[in-house]
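Asker: Please read through the structure below; I'll follow up with questions.
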Amino acid sequence: MATQNTTLIPAQATHPGVLIKDEIDATPDLSQRNLAKELGVQPSFLNEIIKGKRPVTADIAILLEKALGISADYWMKFQSQYEIDKARVKQKNIKKLRNIEIWSIIKEYVPVRYFKKHNYLIDELEADIKAIKKIYDVETVDDLVTSFSKDKFAYYRKSEKLKIDDKNMFAWSSLAQYEAKEQRANTFNFDNLVQLRINLNNLFYENSNTINRVQALMNQFGIKMLLIDKLEKTPIDGFSFWSNRNPVIALTLRHNRIDNFAFTIMHEIGHIDLHLRNDRNKKFMDLTKKQNINECEREADNYAQESLISANVWQDILDNHLPLNDDKIISLGNKYRINSAILLGRVCYEMNYYGMKTVIDKKLK
């Protein structure tokens with residue numbers, strides 16, 4: 001089996017003059033002046049060799065062999081290794097300087113502290129540069145800058161009212177796509193989405209260990225589900241896209257509420273079903289308080305509403321159960337196996353009941 005040959009590069013190259021000095025220091029009654037006299041050279045000439053200012057030539061190597069009993073071949077190999085090490089140290093320093101330059105550019109486009117906090121970076125410059133390139137799926141730092149410029153205007157500027165950090169948004173979406181590649185899921189089939197929505201609603205209704213159970217269910221149905229920690233000024237609810245043969249839903253869980261969680265999941269499934277079905281190059285990043293909602297977002301909203309509370313159920317509520325209060329909402333939720341917090345969320349949205357006092361628990365459990 002072949003073994004990998006790893007060359008160790010010293011911090012600095014060692015000149016053979018160091019060995020000459022060691023021999024002088026270790027030999028009684030031997031001084032630089034005496035040795036220079038034995039070699040037939042000026043003391044200043046020998047001193048320059050000892051200080052590494054002159055090389056050990058073949059002629060000097062033969063003289064040293066006679067004077068110190070160390071073979072000329074050894075002196076020449078020592079000198080040759082010094083030259084090689086000196087060249088490698090120089091290249092290493094050039095590379096280090098280049099890495100410092102690259103890292104200074106990276107810091108302009110990457111939230112380094114976020115990636116360090118989540119253990120993607122290890123404070124080793126060359127390894128960290130490779131990690132960033134892998135996360136952002138780029139070959140060079142120029143590619144990183146170009147990719148940032150493209151994505152900045154692709155789907156982030158959905159609301160002028162939101163405070164958005166372009167660098168953090170770029171990082172979040174890049175990390176989601178990187179993590180999606182690392183995750184495995186079953187084979188996806190669009191025909192199974194109806195059953196998936198039924199199963200999801202059952203989990204939402206029960207609201208117990210919900211995140212883990214939903215993630216396992218999505219994986220079972222061939223959808224990769226990711227939870228990516230939010231960054232400052234990244235008001236993202238959900239992100240849907242394709243990763244190889246599987247659709248992906250990435251979430252931030254900015255709100256620890258079952259109604260928000262359920263609606264976001266169904267909204268992103270809506271994008272998968274309606275908009276990613278025939279175009280696997282599209283990506284949908286859904287922000288809170290979107291301004292100028294486009295047709296795709298409106299369709300995904302309607303898909304989520306219908307998936308969580310069917311039109312027939314909603315019409316029954318409008319026709320037979322108004323005005324609503326907590327007791328009615330809880331009773332209707334149990335009747336139709338809809339989590340009462342999800343039903344309350346729809347009521348507040350449709351009927352502007354946001355001022356209604358309620359004891360219904362909205363917490364995601």
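Residue numbers start at 1 in each chain; chains themselves are named A, B, ... in the order of the structure tokens; ligands are numbered from 1 in the order shown.
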Hey, what's within 7 Å of stretch 314-329 of chain A if we count only C-alpha atoms and toss same-chain stuff fewer than 3 positions away? As a list in words, please?
Answerer: Ile309, Ser310, Ala311, Leu332, Gly333, Ser340, Leu343, Leu344, Thr358 and Ile360 of chain A
Asker: Using only C-alpha atoms, determine which residues lie at most 12 Å from A:Thr146, disregarding the query and same-chain residues fewer than 5 positions distant; provide the list as a ChimeraX atom specification.
Answerer: /A:109,136-141,151-153,170
Asker: If you keep C-alpha atoms, can you produce a file of those selected residues as a PDB file, in the first residue's frame?
Answerer:
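Written file, result16.pdb:
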ATOM      1  CA  TYR A 109     -17.827  38.794   2.984  1.00  0.00           C
ATOM      2  CA  TYR A 136     -19.593  28.668  -0.061  1.00  0.00           C
ATOM      3  CA  ASP A 137     -18.918  26.207  -2.896  1.00  0.00           C
ATOM      4  CA  VAL A 138     -16.238  28.364  -4.563  1.00  0.00           C
ATOM      5  CA  GLU A 139     -12.768  27.661  -5.917  1.00  0.00           C
ATOM      6  CA  THR A 140     -11.204  31.071  -5.305  1.00  0.00           C
ATOM      7  CA  VAL A 141     -11.804  34.176  -3.241  1.00  0.00           C
ATOM      8  CA  ASP A 151     -26.938  36.464  -4.534  1.00  0.00           C
ATOM      9  CA  LYS A 152     -27.187  39.889  -2.956  1.00  0.00           C
ATOM     10  CA  PHE A 153     -29.647  40.941  -5.624  1.00  0.00           C
ATOM     11  CA  PHE A 170     -25.326  35.080   2.098  1.00  0.00           C
TER      12      PHE A 170
END
Asker: Give the alpha helix (DSSP H) residues of stretch 141-336 of chain A, as assigned by DSSP on the backbone, as an MDAnalysis selection string.
Answerer: chainID A and resid 141:154 166:182 193:206 210:220 258:274 295:308 311:320 326:336
Asker: Find the residue from A:Ile135, A:Ile9, A:Ala58, A:Asp73 that sits nearest to A:Asp85; use only C-alpha atoms when measuring.
Answerer: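 So, comparing all the options, the nearest one is A:Ile9.
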Asker: Could you work out how far atom CA of A:Ser243 lies from atom CA of A:Arg197, giving the answer in Å with one decimal?
Answerer: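 For atom CA of A:Arg197 relative to atom CA of A:Ser243, the distance reads 21.1 Å.
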Asker: Closest to A:Ile269 among A:Ile249, A:Leu68, A:Val110, A:Ile228, using only C-alpha atoms?
Answerer: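 Closest to A:Ile269, using only C-alpha atoms: A:Ile249.
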Asker: Between A:Leu251, A:Ser307, A:Asn119, A:Phe241, which is the closest to A:Asp279 once you count only C-alpha atoms?
Answerer: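 Of all the options, A:Phe241 lies closest to A:Asp279.
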Asker: Kindly indicate which residue among A:Asn99, A:Asn34, A:Thr27, A:Gln215 lies nearest to A:Asp128, using only C-alpha atoms for the distances.
Answerer: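 Closest to A:Asp128 of all the choices is A:Asn99.
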Asker: Of the candidates A:His15, A:Pro10, A:Phe190, A:Ile132, which shows the shortest atom-to-atom distance to A:Asn278, using only C-alpha atoms?
Answerer: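 Of all the options, A:Phe190 lies closest to A:Asn278.
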Asker: Give me the residues near stretch 270-277 of chain A as a CSV table (one decimal) with C-alpha atoms, in the first residue's frame, where near means some atom within 7 Å (using only C-alpha atoms) and where sequence neighbours in that chain fewer than 6 positions away do not count.
Answerer:
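Everything below was put into out14.csv:
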chain,number,residue,atom,x,y,z
A,247,PRO,CA,-35.8,18.9,-2.2
A,300,ALA,CA,-47.4,29.1,-1.3
A,303,TYR,CA,-51.1,26.1,-0.2
A,304,ALA,CA,-50.1,26.3,3.5
Asker: Determine, counting only C-alpha atoms, which protein, DNA and RNA residues have an atom within 12 Å of an atom of A:Asp229; residues of the same chain fewer than 5 positions away are not included. Present the result as a list in words.
Answerer: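 Surrounding residues, per the criterion: Tyr114, Phe115, Lys117, His118, Asn168, Met169, Ala171, Trp172, Ser173, Leu175, Ala176, Thr234, Pro235, Ile236, Asp237, Gly238, Ala250, Leu251, Thr252, Leu253, Arg254 and His255 of chain A.
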Asker: Set the distance at 10 Å and use only C-alpha atoms: which residues neighbour A:Ala72 once local chain neighbours fewer than 5 positions away are removed? I'd like the list as a list in words.
Answerer: Val56, Thr57, Ala58, Asp59, Ile60, Ala61, Ile62, Leu63, Leu64, Glu65, Lys66, Lys77 and Phe78 of chain A
Asker: Using only C-alpha atoms for the distances, tell me which of A:Leu231, A:Ala13, A:Ile330, A:Leu203 is nearest to A:Val89.
Answerer: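 Residue with the minimum atom-to-atom distance to A:Val89: A:Ala13.
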